[in-house]
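Content type mmCIF, C-alpha atoms (C1' of nucleotides), from the file structure.cif:
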```
data_query
loop_
_atom_site.label_atom_id
_atom_site.label_comp_id
_atom_site.auth_asym_id
_atom_site.auth_seq_id
_atom_site.Cartn_x
_atom_site.Cartn_y
_atom_site.Cartn_z
CA MET A 1 166.14 79.81 61.33
CA VAL A 2 162.95 78.56 62.58
CA ARG A 3 159.42 77.77 62.00
CA GLN A 4 157.66 78.74 65.21
CA ARG A 5 155.67 76.36 67.36
CA GLU A 6 152.06 76.41 66.31
CA PHE A 7 150.42 75.30 69.55
CA ASP A 8 150.22 76.85 73.00
CA GLU A 9 152.33 74.71 75.31
CA ASP A 10 150.49 75.82 78.43
CA ALA A 11 147.11 75.02 76.93
CA ALA A 12 148.34 71.64 75.77
CA LEU A 13 149.79 70.89 79.20
CA ASP A 14 146.54 71.89 80.80
CA ALA A 15 144.59 69.52 78.55
CA ALA A 16 147.02 66.70 79.37
CA MET A 17 146.69 67.51 83.07
CA ARG A 18 142.93 67.17 82.93
CA LEU A 19 143.12 63.75 81.28
CA PHE A 20 145.80 62.47 83.67
CA TRP A 21 143.73 63.81 86.55
CA GLU A 22 140.65 62.01 85.32
CA LYS A 23 142.21 58.70 84.28
CA GLY A 24 145.55 58.38 86.01
CA TYR A 25 148.91 57.77 84.40
CA GLU A 26 148.55 54.26 82.98
CA ALA A 27 145.01 54.58 81.69
CA ALA A 28 145.70 57.81 79.83
CA SER A 29 147.01 56.70 76.43
CA LEU A 30 149.19 58.79 74.17
CA THR A 31 146.52 58.58 71.52
CA GLU A 32 143.91 60.19 73.75
CA LEU A 33 146.40 62.57 75.31
CA THR A 34 147.58 64.03 72.03
CA ALA A 35 144.01 64.16 70.73
CA ARG A 36 142.94 66.26 73.72
CA MET A 37 146.06 68.37 73.50
CA GLY A 38 145.29 69.00 69.84
CA ILE A 39 148.77 68.05 68.68
CA GLN A 40 150.61 65.11 67.09
CA ARG A 41 152.82 62.67 68.94
CA PRO A 42 156.16 63.99 67.73
CA SER A 43 155.15 67.48 68.84
CA MET A 44 154.43 66.17 72.30
CA TYR A 45 157.78 64.41 72.48
CA ALA A 46 159.60 67.47 71.21
CA ALA A 47 157.92 69.69 73.78
CA PHE A 48 157.81 67.44 76.85
CA GLY A 49 160.23 64.56 76.33
CA SER A 50 158.19 61.52 77.31
CA LYS A 51 154.87 60.45 78.77
CA LYS A 52 156.37 60.37 82.27
CA GLU A 53 157.84 63.83 81.89
CA LEU A 54 154.56 65.13 80.53
CA PHE A 55 152.84 63.66 83.55
CA GLU A 56 155.35 65.23 85.89
CA ALA A 57 154.89 68.63 84.28
CA ALA A 58 151.13 68.22 84.57
CA LEU A 59 151.38 67.27 88.24
CA ARG A 60 153.65 70.20 89.04
CA SER A 61 151.25 72.53 87.31
CA TYR A 62 148.36 71.05 89.27
CA THR A 63 149.98 71.18 92.70
CA GLN A 64 150.99 74.77 92.21
CA ALA A 65 147.48 75.85 91.26
CA HIS A 66 145.96 73.63 93.93
CA ALA A 67 148.08 75.07 96.73
CA ALA A 68 147.17 78.58 95.63
CA ARG A 69 143.48 77.68 95.56
CA VAL A 70 143.58 76.18 99.03
CA ARG A 71 145.45 79.14 100.44
CA ALA A 72 142.99 81.58 98.88
CA LYS A 73 140.06 79.66 100.30
CA LEU A 74 141.55 79.64 103.80
CA GLN A 75 142.25 83.36 103.63
CA SER A 76 138.83 84.21 102.26
CA ARG A 77 137.16 84.42 105.66
CA ALA A 78 137.96 86.19 108.88
CA SER A 79 136.88 83.20 110.93
CA VAL A 80 139.30 80.30 110.72
CA LYS A 81 136.58 77.80 111.52
CA ASP A 82 134.43 79.21 108.74
CA ALA A 83 137.37 79.03 106.37
CA PHE A 84 138.04 75.35 107.06
CA ARG A 85 134.34 74.60 106.92
CA ALA A 86 134.13 76.29 103.52
CA LEU A 87 137.12 74.27 102.32
CA PHE A 88 135.73 70.93 103.40
CA GLU A 89 132.17 71.62 102.32
CA GLY A 90 133.44 72.85 98.98
CA ILE A 91 135.13 69.50 98.36
CA VAL A 92 131.93 67.66 99.18
CA ALA A 93 129.77 69.95 97.08
CA ASP A 94 132.09 69.72 94.07
CA GLU A 95 131.94 65.95 94.10
CA TYR A 96 128.17 65.73 94.37
CA GLU A 97 127.35 68.47 91.92
CA GLY A 98 129.85 67.60 89.26
CA SER A 99 129.27 64.50 87.19
CA LEU A 100 132.98 63.75 86.95
CA ASN A 101 134.71 62.34 90.06
CA ARG A 102 138.31 63.20 89.73
CA GLY A 103 139.14 63.86 93.34
CA CYS A 104 142.60 65.35 93.78
CA PHE A 105 145.30 64.78 91.19
CA SER A 106 148.03 64.68 93.81
CA ILE A 107 146.18 62.11 95.92
CA ASN A 108 145.50 59.98 92.86
CA THR A 109 149.20 60.09 92.06
CA MET A 110 150.13 59.18 95.61
CA VAL A 111 148.10 56.02 95.28
CA GLU A 112 149.05 55.08 91.72
CA LEU A 113 152.70 56.07 91.41
CA ALA A 114 154.28 57.06 94.72
CA PRO A 115 154.76 53.48 95.96
CA HIS A 116 156.69 52.49 92.84
CA ASP A 117 158.40 55.70 91.77
CA GLU A 118 160.52 57.73 94.14
CA LYS A 119 160.19 60.89 92.11
CA PHE A 120 156.46 60.97 92.67
CA GLU A 121 156.80 59.86 96.25
CA ILE A 122 158.86 63.01 96.84
CA LEU A 123 156.69 65.28 94.72
CA THR A 124 153.48 64.30 96.47
CA ARG A 125 155.09 64.33 99.91
CA GLU A 126 156.27 67.88 99.37
CA HIS A 127 152.82 68.94 98.30
CA GLN A 128 151.19 67.44 101.38
CA LEU A 129 153.86 69.04 103.56
CA TYR A 130 153.18 72.37 101.95
CA LEU A 131 149.45 72.06 102.54
CA SER A 132 150.02 71.14 106.17
CA VAL A 133 152.05 74.33 106.60
CA ILE A 134 149.25 76.41 105.10
CA PHE A 135 146.83 74.71 107.47
CA GLN A 136 149.11 75.31 110.44
CA GLU A 137 149.55 78.99 109.64
CA THR A 138 145.80 79.39 109.34
CA ILE A 139 145.26 77.75 112.72
CA GLU A 140 147.92 79.95 114.29
CA ARG A 141 146.12 82.97 112.88
CA GLY A 142 142.95 81.78 114.62
CA ILE A 143 144.80 81.36 117.89
CA ARG A 144 146.33 84.83 117.68
CA ALA A 145 142.94 86.31 116.85
CA GLY A 146 141.46 84.71 119.94
CA GLU A 147 139.09 82.57 117.92
CA LEU A 148 140.81 79.29 118.82
CA ASP A 149 141.99 77.96 122.17
CA THR A 150 145.59 78.90 122.91
CA ALA A 151 146.11 75.34 124.15
CA LEU A 152 145.40 74.01 120.68
CA GLU A 153 148.42 72.28 119.19
CA ALA A 154 148.57 73.99 115.81
CA ARG A 155 150.87 71.58 114.00
CA GLY A 156 149.16 68.38 115.09
CA THR A 157 145.74 69.82 114.39
CA ALA A 158 146.84 70.94 110.95
CA GLN A 159 148.14 67.47 110.18
CA ALA A 160 144.97 65.82 111.44
CA LEU A 161 142.82 68.14 109.34
CA LEU A 162 144.93 67.47 106.27
CA VAL A 163 144.68 63.72 106.77
CA SER A 164 140.94 64.10 107.17
CA LEU A 165 140.74 66.08 103.96
CA ILE A 166 142.66 63.39 102.11
CA GLY A 167 140.46 60.68 103.59
CA LEU A 168 137.32 62.59 102.71
CA THR A 169 138.46 63.11 99.14
CA VAL A 170 139.19 59.41 98.72
CA MET A 171 136.00 58.30 100.43
CA LEU A 172 133.92 60.47 98.09
CA LYS A 173 135.12 58.32 95.20
CA SER A 174 132.82 55.57 96.41
CA ARG A 175 129.93 58.08 96.42
CA PRO A 176 128.58 57.56 99.91
CA ASP A 177 125.32 59.22 100.97
CA ARG A 178 125.61 62.96 101.04
CA GLN A 179 124.47 62.85 104.64
CA PHE A 180 127.36 60.56 105.49
CA ALA A 181 129.81 63.05 104.02
CA ASP A 182 128.21 66.09 105.61
CA ASN A 183 128.12 64.45 109.01
CA THR A 184 131.76 63.45 108.70
CA VAL A 185 132.79 67.01 107.92
CA LYS A 186 130.88 68.30 110.89
CA THR A 187 132.68 65.97 113.27
CA VAL A 188 136.10 66.49 111.76
CA LEU A 189 135.77 70.21 112.28
CA THR A 190 135.36 69.69 116.01
CA LEU A 191 139.14 69.24 115.96
CA LEU A 192 139.15 73.04 115.92
CA ARG A 193 138.19 73.86 119.45
CA MET B 194 133.68 12.28 83.78
CA VAL B 195 136.47 14.53 84.44
CA ARG B 196 139.99 15.27 85.08
CA GLN B 197 140.18 17.13 88.35
CA ARG B 198 141.62 20.60 88.80
CA GLU B 199 145.26 20.39 89.75
CA PHE B 200 145.72 23.71 91.52
CA ASP B 201 144.25 25.17 94.70
CA GLU B 202 141.85 27.91 93.69
CA ASP B 203 142.05 29.68 97.03
CA ALA B 204 145.82 29.76 96.97
CA ALA B 205 145.82 31.02 93.38
CA LEU B 206 143.28 33.70 94.26
CA ASP B 207 145.38 34.75 97.20
CA ALA B 208 148.45 35.11 95.01
CA ALA B 209 146.46 37.18 92.52
CA MET B 210 145.13 39.31 95.35
CA ARG B 211 148.61 40.11 96.54
CA LEU B 212 149.73 41.24 93.10
CA PHE B 213 146.60 43.34 92.48
CA TRP B 214 147.05 44.83 95.93
CA GLU B 215 150.64 45.74 95.19
CA LYS B 216 150.26 46.98 91.63
CA GLY B 217 146.64 47.83 91.05
CA TYR B 218 144.37 46.51 88.32
CA GLU B 219 145.91 47.92 85.15
CA ALA B 220 149.54 47.44 86.06
CA ALA B 221 149.09 43.79 86.98
CA SER B 222 149.48 41.91 83.70
CA LEU B 223 148.07 38.49 83.00
CA THR B 224 151.57 37.22 82.40
CA GLU B 225 152.72 38.19 85.88
CA LEU B 226 149.41 37.23 87.48
CA THR B 227 149.39 33.68 86.14
CA ALA B 228 153.10 33.31 86.94
CA ARG B 229 152.47 34.21 90.57
CA MET B 230 149.37 32.05 90.67
CA GLY B 231 151.42 29.18 89.31
CA ILE B 232 148.92 28.36 86.56
CA GLN B 233 148.45 28.90 82.83
CA ARG B 234 146.23 31.51 81.29
CA PRO B 235 143.47 29.14 80.14
CA SER B 236 143.25 27.73 83.66
CA MET B 237 142.76 31.21 85.05
CA TYR B 238 140.02 31.97 82.52
CA ALA B 239 138.33 28.65 83.24
CA ALA B 240 138.37 29.24 86.97
CA PHE B 241 137.66 32.96 87.21
CA GLY B 242 136.21 34.12 83.88
CA SER B 243 138.23 37.24 83.13
CA LYS B 244 140.81 39.60 84.55
CA LYS B 245 138.08 41.87 85.92
CA GLU B 246 136.27 38.98 87.56
CA LEU B 247 139.52 37.71 89.03
CA PHE B 248 140.12 41.16 90.43
CA GLU B 249 136.63 41.31 91.88
CA ALA B 250 137.08 37.93 93.55
CA ALA B 251 140.41 39.10 94.94
CA LEU B 252 138.88 42.29 96.28
CA ARG B 253 135.98 40.46 97.92
CA SER B 254 138.41 38.08 99.55
CA TYR B 255 140.48 41.00 100.79
CA THR B 256 137.63 43.06 102.21
CA GLN B 257 136.26 40.08 104.07
CA ALA B 258 139.60 39.31 105.70
CA HIS B 259 140.29 42.99 106.29
CA ALA B 260 137.01 43.61 108.08
CA ALA B 261 137.62 40.61 110.30
CA ARG B 262 141.12 41.82 111.12
CA VAL B 263 139.90 45.30 112.02
CA ARG B 264 137.13 43.95 114.18
CA ALA B 265 139.53 41.64 116.00
CA LYS B 266 141.92 44.49 116.64
CA LEU B 267 139.17 46.71 118.03
CA GLN B 268 137.93 43.92 120.31
CA SER B 269 141.40 43.01 121.51
CA ARG B 270 141.50 45.58 124.29
CA ALA B 271 139.15 46.52 127.06
CA SER B 272 139.83 50.21 126.55
CA VAL B 273 138.27 51.59 123.40
CA LYS B 274 140.84 54.35 123.20
CA ASP B 275 143.64 51.81 123.44
CA ALA B 276 141.99 49.71 120.77
CA PHE B 277 141.79 52.58 118.29
CA ARG B 278 145.29 53.65 119.16
CA ALA B 279 146.54 50.14 118.48
CA LEU B 280 144.71 50.11 115.15
CA PHE B 281 146.14 53.42 113.96
CA GLU B 282 149.63 52.82 115.27
CA GLY B 283 149.61 49.38 113.69
CA ILE B 284 148.96 50.92 110.28
CA VAL B 285 151.84 53.34 110.72
CA ALA B 286 154.20 50.66 112.03
CA ASP B 287 153.39 48.28 109.18
CA GLU B 288 154.19 50.89 106.59
CA TYR B 289 157.51 51.90 108.12
CA GLU B 290 158.73 48.46 109.01
CA GLY B 291 157.73 46.66 105.85
CA SER B 292 159.65 47.40 102.68
CA LEU B 293 156.53 47.13 100.58
CA ASN B 294 154.00 49.96 100.54
CA ARG B 295 150.73 48.50 99.51
CA GLY B 296 148.42 50.46 101.75
CA CYS B 297 144.87 49.13 101.66
CA PHE B 298 143.60 47.20 98.66
CA SER B 299 140.10 48.63 99.01
CA ILE B 300 141.39 52.20 99.14
CA ASN B 301 143.63 51.60 96.14
CA THR B 302 140.60 50.29 94.27
CA MET B 303 138.49 53.25 95.30
CA VAL B 304 141.02 55.55 93.68
CA GLU B 305 141.78 53.49 90.58
CA LEU B 306 138.46 51.93 89.63
CA ALA B 307 135.51 53.31 91.61
CA PRO B 308 135.24 56.55 89.59
CA HIS B 309 134.94 54.65 86.31
CA ASP B 310 133.26 51.40 87.29
CA GLU B 311 130.03 51.33 89.24
CA LYS B 312 130.59 47.77 90.45
CA PHE B 313 133.70 48.80 92.33
CA GLU B 314 132.14 52.04 93.46
CA ILE B 315 129.48 49.95 95.21
CA LEU B 316 131.87 47.28 96.49
CA THR B 317 134.23 49.77 98.08
CA ARG B 318 131.39 51.90 99.43
CA GLU B 319 129.90 48.90 101.18
CA HIS B 320 133.23 48.03 102.71
CA GLN B 321 133.72 51.55 104.08
CA LEU B 322 130.18 51.52 105.39
CA TYR B 323 130.81 48.23 107.11
CA LEU B 324 133.98 49.53 108.73
CA SER B 325 132.16 52.63 109.93
CA VAL B 326 129.59 50.42 111.64
CA ILE B 327 132.33 48.44 113.38
CA PHE B 328 133.87 51.72 114.52
CA GLN B 329 130.51 53.00 115.74
CA GLU B 330 129.76 49.85 117.72
CA THR B 331 133.16 50.05 119.34
CA ILE B 332 132.60 53.67 120.35
CA GLU B 333 129.19 52.81 121.75
CA ARG B 334 130.80 50.09 123.78
CA GLY B 335 133.17 52.68 125.22
CA ILE B 336 130.27 54.97 126.08
CA ARG B 337 128.35 52.18 127.79
CA ALA B 338 131.45 51.20 129.76
CA GLY B 339 131.83 54.74 131.00
CA GLU B 340 135.16 55.21 129.24
CA LEU B 341 133.85 57.74 126.76
CA ASP B 342 131.71 60.83 127.25
CA THR B 343 128.00 60.07 126.90
CA ALA B 344 127.68 63.27 124.88
CA LEU B 345 129.95 61.83 122.19
CA GLU B 346 128.15 61.41 118.91
CA ALA B 347 129.07 57.81 118.11
CA ARG B 348 128.18 57.75 114.42
CA GLY B 349 129.84 61.00 113.48
CA THR B 350 132.94 60.15 115.47
CA ALA B 351 133.13 56.74 113.85
CA GLN B 352 132.91 58.33 110.41
CA ALA B 353 135.54 60.91 111.24
CA LEU B 354 137.89 58.24 112.54
CA LEU B 355 137.36 56.14 109.44
CA VAL B 356 138.06 59.07 107.17
CA SER B 357 141.19 59.78 109.17
CA LEU B 358 142.31 56.20 108.82
CA ILE B 359 141.82 56.37 105.06
CA GLY B 360 143.68 59.65 104.88
CA LEU B 361 146.50 58.31 106.99
CA THR B 362 146.82 55.21 104.83
CA VAL B 363 147.02 57.29 101.68
CA MET B 364 149.38 59.84 103.17
CA LEU B 365 151.80 57.09 104.19
CA LYS B 366 152.29 56.27 100.52
CA SER B 367 154.36 59.43 100.18
CA ARG B 368 156.50 58.24 103.14
CA PRO B 369 156.39 61.34 105.33
CA ASP B 370 158.59 61.54 108.43
CA ARG B 371 157.61 59.00 111.00
CA GLN B 372 157.21 61.85 113.48
CA PHE B 373 154.69 63.46 111.16
CA ALA B 374 152.64 60.27 111.09
CA ASP B 375 152.87 59.62 114.82
CA ASN B 376 151.89 63.17 115.65
CA THR B 377 148.92 62.97 113.30
CA VAL B 378 147.66 59.82 114.95
CA LYS B 379 147.94 61.40 118.37
CA THR B 380 145.80 64.35 117.35
CA VAL B 381 143.23 62.30 115.47
CA LEU B 382 142.66 60.19 118.55
CA THR B 383 141.61 63.28 120.50
CA LEU B 384 138.32 62.87 118.63
CA LEU B 385 137.63 60.25 121.28
CA ARG B 386 136.93 62.37 124.31
"C1'" DT C 387 165.60 84.04 46.38
"C1'" DT C 388 168.29 80.81 48.45
"C1'" DT C 389 169.37 78.10 52.49
"C1'" DA C 390 169.52 76.35 57.17
"C1'" DT C 391 166.53 75.12 60.72
"C1'" DA C 392 162.82 73.38 63.15
"C1'" DA C 393 157.85 72.07 63.58
"C1'" DC C 394 154.60 69.58 61.22
"C1'" DA C 395 151.93 65.10 59.72
"C1'" DT C 396 152.11 60.34 58.30
"C1'" DA C 397 153.23 56.05 58.84
"C1'" DC C 398 155.60 52.88 61.08
"C1'" DC C 399 158.35 50.07 64.89
"C1'" DG C 400 158.85 46.08 68.26
"C1'" DA C 401 156.83 44.88 72.53
"C1'" DC C 402 153.20 43.78 75.08
"C1'" DT C 403 148.15 43.61 76.15
"C1'" DG C 404 143.91 40.58 77.33
"C1'" DG C 405 141.98 36.70 75.47
"C1'" DT C 406 141.48 32.08 72.92
"C1'" DA C 407 141.94 27.85 69.46
"C1'" DC C 408 143.73 23.66 69.59
"C1'" DA C 409 146.06 19.56 70.59
"C1'" DT C 410 147.28 16.65 74.48
"C1'" DA C 411 146.76 14.42 78.93
"C1'" DA C 412 144.14 12.77 82.58
"C1'" DT C 413 140.05 11.07 84.79
"C1'" DG C 414 135.34 8.89 85.93
"C1'" DA C 415 131.34 6.44 84.01
"C1'" DT C 416 129.98 2.81 81.20
"C1'" DA D 417 138.95 -0.93 77.57
"C1'" DT D 418 136.27 2.61 75.59
"C1'" DC D 419 134.41 7.09 75.60
"C1'" DA D 420 132.92 11.51 77.00
"C1'" DT D 421 134.58 15.27 79.56
"C1'" DT D 422 137.55 18.50 81.47
"C1'" DA D 423 142.14 20.45 82.75
"C1'" DT D 424 146.58 21.56 80.96
"C1'" DG D 425 150.26 23.57 77.97
"C1'" DT D 426 151.57 25.69 73.66
"C1'" DA D 427 151.11 28.74 70.47
"C1'" DC D 428 148.69 32.14 68.62
"C1'" DC D 429 145.22 36.18 67.74
"C1'" DA D 430 144.09 41.15 66.77
"C1'" DG D 431 144.62 45.35 69.06
"C1'" DT D 432 147.07 48.73 71.53
"C1'" DC D 433 150.95 50.44 73.90
"C1'" DG D 434 154.92 54.12 74.09
"C1'" DG D 435 158.07 55.87 71.02
"C1'" DT D 436 160.35 57.26 66.46
"C1'" DA D 437 162.12 57.55 61.43
"C1'" DT D 438 161.04 60.19 57.65
"C1'" DG D 439 159.44 63.27 54.34
"C1'" DT D 440 157.16 67.78 53.97
"C1'" DT D 441 156.13 72.53 55.14
"C1'" DA D 442 156.92 76.89 57.12
"C1'" DT D 443 160.01 80.51 58.64
"C1'" DA D 444 163.91 83.72 59.38
"C1'" DA D 445 168.65 84.85 58.19
"C1'" DA D 446 171.62 85.54 54.30
#
```

What does this structure look like when you write it as structure tokens?
Amino acid sequence: MVRQREFDEDAALDAAMRLFWEKGYEAASLTELTARMGIQRPSMYAAFGSKKELFEAALRSYTQAHAARVRAKLQSRASVKDAFRALFEGIVADEYEGSLNRGCFSINTMVELAPHDEKFEILTREHQLYLSVIFQETIERGIRAGELDTALEARGTAQALLVSLIGLTVMLKSRPDRQFADNTVKTVLTLLR
Amino acid sequence: MVRQREFDEDAALDAAMRLFWEKGYEAASLTELTARMGIQRPSMYAAFGSKKELFEAALRSYTQAHAARVRAKLQSRASVKDAFRALFEGIVADEYEGSLNRGCFSINTMVELAPHDEKFEILTREHQLYLSVIFQETIERGIRAGELDTALEARGTAQALLVSLIGLTVMLKSRPDRQFADNTVKTVLTLLR
DNA sequence: TTTATAACATACCGACTGGTACATAATGAT
DNA sequence: ATCATTATGTACCAGTCGGTATGTTATAAA
């Protein structure tokens, strides 16, 4: 049997992910999706099942890559404070230097779909939980290394930092003054005593 | 001249606001909007101009009421720490006790529309800015009263608290454990030394 | 070379979208 | 009472939505 598939599924998924990330679920039409993916509608349905399933695959792909990126960033510096500062400042810099303004795909999904679709409520919750664990482990590393106060409550601090990161990402969508953002980051980081 | 308008514009706007708040701009259809508003489509167009303009009017109405509510909450207690705690814990309690999960209309709009529509980028930015000023004034009141450390940087702390509130509101959409939310609030409030 | 299989492209489906033309009903000014 | 004006309700518009039926093309087994 068999004519073999002519397009690269991963590349197509990646293209779909970028459009969903930029526009959200509803506003990304099948016409534009398949155009960006470089395939026809029936090919998309054969490969991914439906628009919702395509979206879910895109989100899973994103969260996996995103978690790895965050972990790498936090491990890239000996100093835990420096690592978190680099993470937060990187978010700010990306938003001001890029012309786009996509924010975080998982956060966008939390706002658009999680309240109405349990599947995405769970998916996004698990991602946030995972990030909070990465944060907590990083803080614990700083405590062990003597950089951070042993009295610091690692879990609560990790959660507060994560919430701040989410808030910062959302706030940047309204494009506040750069100074506003920078100053916010500076204060948030004082959570790491 | 003139037959007079039979419906209450404010009540209709309020109904529209609630649906936009719950579903967002795209997902709220004119059919459902006008049904909830209790009017026909031509009446809506005569009174508000277009779906976008109706949405804008709804958002303006929301932000005005929201700012007043936040200010009242922050002024409701002598202790500034208590006031902020009440504000944050109120957000958490509302989300867990209500069955709905609307979050904040302004935040939802920031995520859905601000990146693609300058009008809503500006509208939401101004609202956040306004809230940050309310926060700052409250913190300054606490400093003057001797409750808070005079070394506390009021503006930065206000911004950090606002970002945390936004992050918390968004995070709640994924319905994390209540303990997770409560613990986060506790740590965030340590920004107020 | 024939044949079964699956991916391809085209062209279409009913449903719904935001928006409006039009006829009717109601009101105040004359 | 007439008339101009405006709100209301119905019924419709073209366009787009997500999804699919169908005919064609390519491929590997036989």

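The closest residue to chain D, picked from A:Asp14, A:Tyr45, A:Ile39, A:Lys23 and counting all atoms listed in the file, is A:Tyr45.
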
Note to self: Based on all atoms listed in the file, which of the residues in chain B come within 6 Å of chain A? I want them as a list in words.
What the structure shows: Asn294, Ala307, Pro308, Glu314, Arg318, Gly349, Gln352, Ala353, Val356, Ser357, Ile359, Gly360, Leu361, Lys366, Ser367, Asn376, Thr377, Thr380 and Val381 of chain B

Check: Where does the PyMOL selection byres ((chain C and resi 401) around 9) land in this file, that is, which residues does it pick, as a list in words?
Finding: DG400 and DC402 of chain C; DC433 of chain D

Next item on the list: Kindly give the distance, in Å, that separates atom CA of A:Gln136 and atom CA of A:Ala68, rounded to a single decimal.
Entry: 15.3 Å

Item checked: Expected answer as a PyMOL selection string: chain D residues within 10 Å of chain A, all atoms listed in the file -> chain D and resi 432-436+441-445

Notebook entry, point to check: Quick one: which residues from chain C are at most 10 Å off chain A, using only C-alpha atoms (C1' of nucleotides), as a ChimeraX atom specification?
Noted result: /C:389-395

Item checked: atom CA of A:Arg60 to atom CA of A:Glu32, straight-line distance in Å -> 20.7 Å

Expand the PyMOL selection byres ((chain A and resi 57) around 12) into the individual residues it matches in the shown file, reporting them as a JSON list (two decimals) with C-alpha atoms, keeping the file's coordinate frame.
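The file below, part_15.json, is the result:
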```json
[["chain", "number", "residue", "atom", "x", "y", "z"],
["A", 9, "GLU", "CA", 152.33, 74.71, 75.31],
["A", 10, "ASP", "CA", 150.49, 75.82, 78.43],
["A", 12, "ALA", "CA", 148.34, 71.64, 75.77],
["A", 13, "LEU", "CA", 149.79, 70.89, 79.20],
["A", 14, "ASP", "CA", 146.54, 71.89, 80.80],
["A", 15, "ALA", "CA", 144.59, 69.52, 78.55],
["A", 16, "ALA", "CA", 147.02, 66.70, 79.37],
["A", 17, "MET", "CA", 146.69, 67.51, 83.07],
["A", 20, "PHE", "CA", 145.80, 62.47, 83.67],
["A", 47, "ALA", "CA", 157.92, 69.69, 73.78],
["A", 48, "PHE", "CA", 157.81, 67.44, 76.85],
["A", 49, "GLY", "CA", 160.23, 64.56, 76.33],
["A", 50, "SER", "CA", 158.19, 61.52, 77.31],
["A", 51, "LYS", "CA", 154.87, 60.45, 78.77],
["A", 52, "LYS", "CA", 156.37, 60.37, 82.27],
["A", 53, "GLU", "CA", 157.84, 63.83, 81.89],
["A", 54, "LEU", "CA", 154.56, 65.13, 80.53],
["A", 55, "PHE", "CA", 152.84, 63.66, 83.55],
["A", 56, "GLU", "CA", 155.35, 65.23, 85.89],
["A", 58, "ALA", "CA", 151.13, 68.22, 84.57],
["A", 59, "LEU", "CA", 151.38, 67.27, 88.24],
["A", 60, "ARG", "CA", 153.65, 70.20, 89.04],
["A", 61, "SER", "CA", 151.25, 72.53, 87.31],
["A", 62, "TYR", "CA", 148.36, 71.05, 89.27],
["A", 63, "THR", "CA", 149.98, 71.18, 92.70],
["A", 64, "GLN", "CA", 150.99, 74.77, 92.21],
["A", 120, "PHE", "CA", 156.46, 60.97, 92.67],
["A", 123, "LEU", "CA", 156.69, 65.28, 94.72]]
```

Next item on the list: Report the distance between atom CA of A:Val80 and atom CA of A:Gly142 in Å, rounded to one decimal place.
Entry: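 Taking atom CA of A:Val80 and atom CA of A:Gly142, their separation equals 5.5 Å.
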
Next item on the list: List the residues selected by the PyMOL selection byres ((chain D and resi 426) around 12) in the file shown, writing them as a list in words.
Entry: Gln233, Arg234 and Pro235 of chain B; DT406, DA407, DC408, DA409 and DT410 of chain C; DT424, DG425, DA427 and DC428 of chain D

Item checked: Shell around D:DA437 at 10 Å using only C-alpha atoms (C1' of nucleotides), local window under 3 positions removed, as number ranges by chain -> C: 397-399
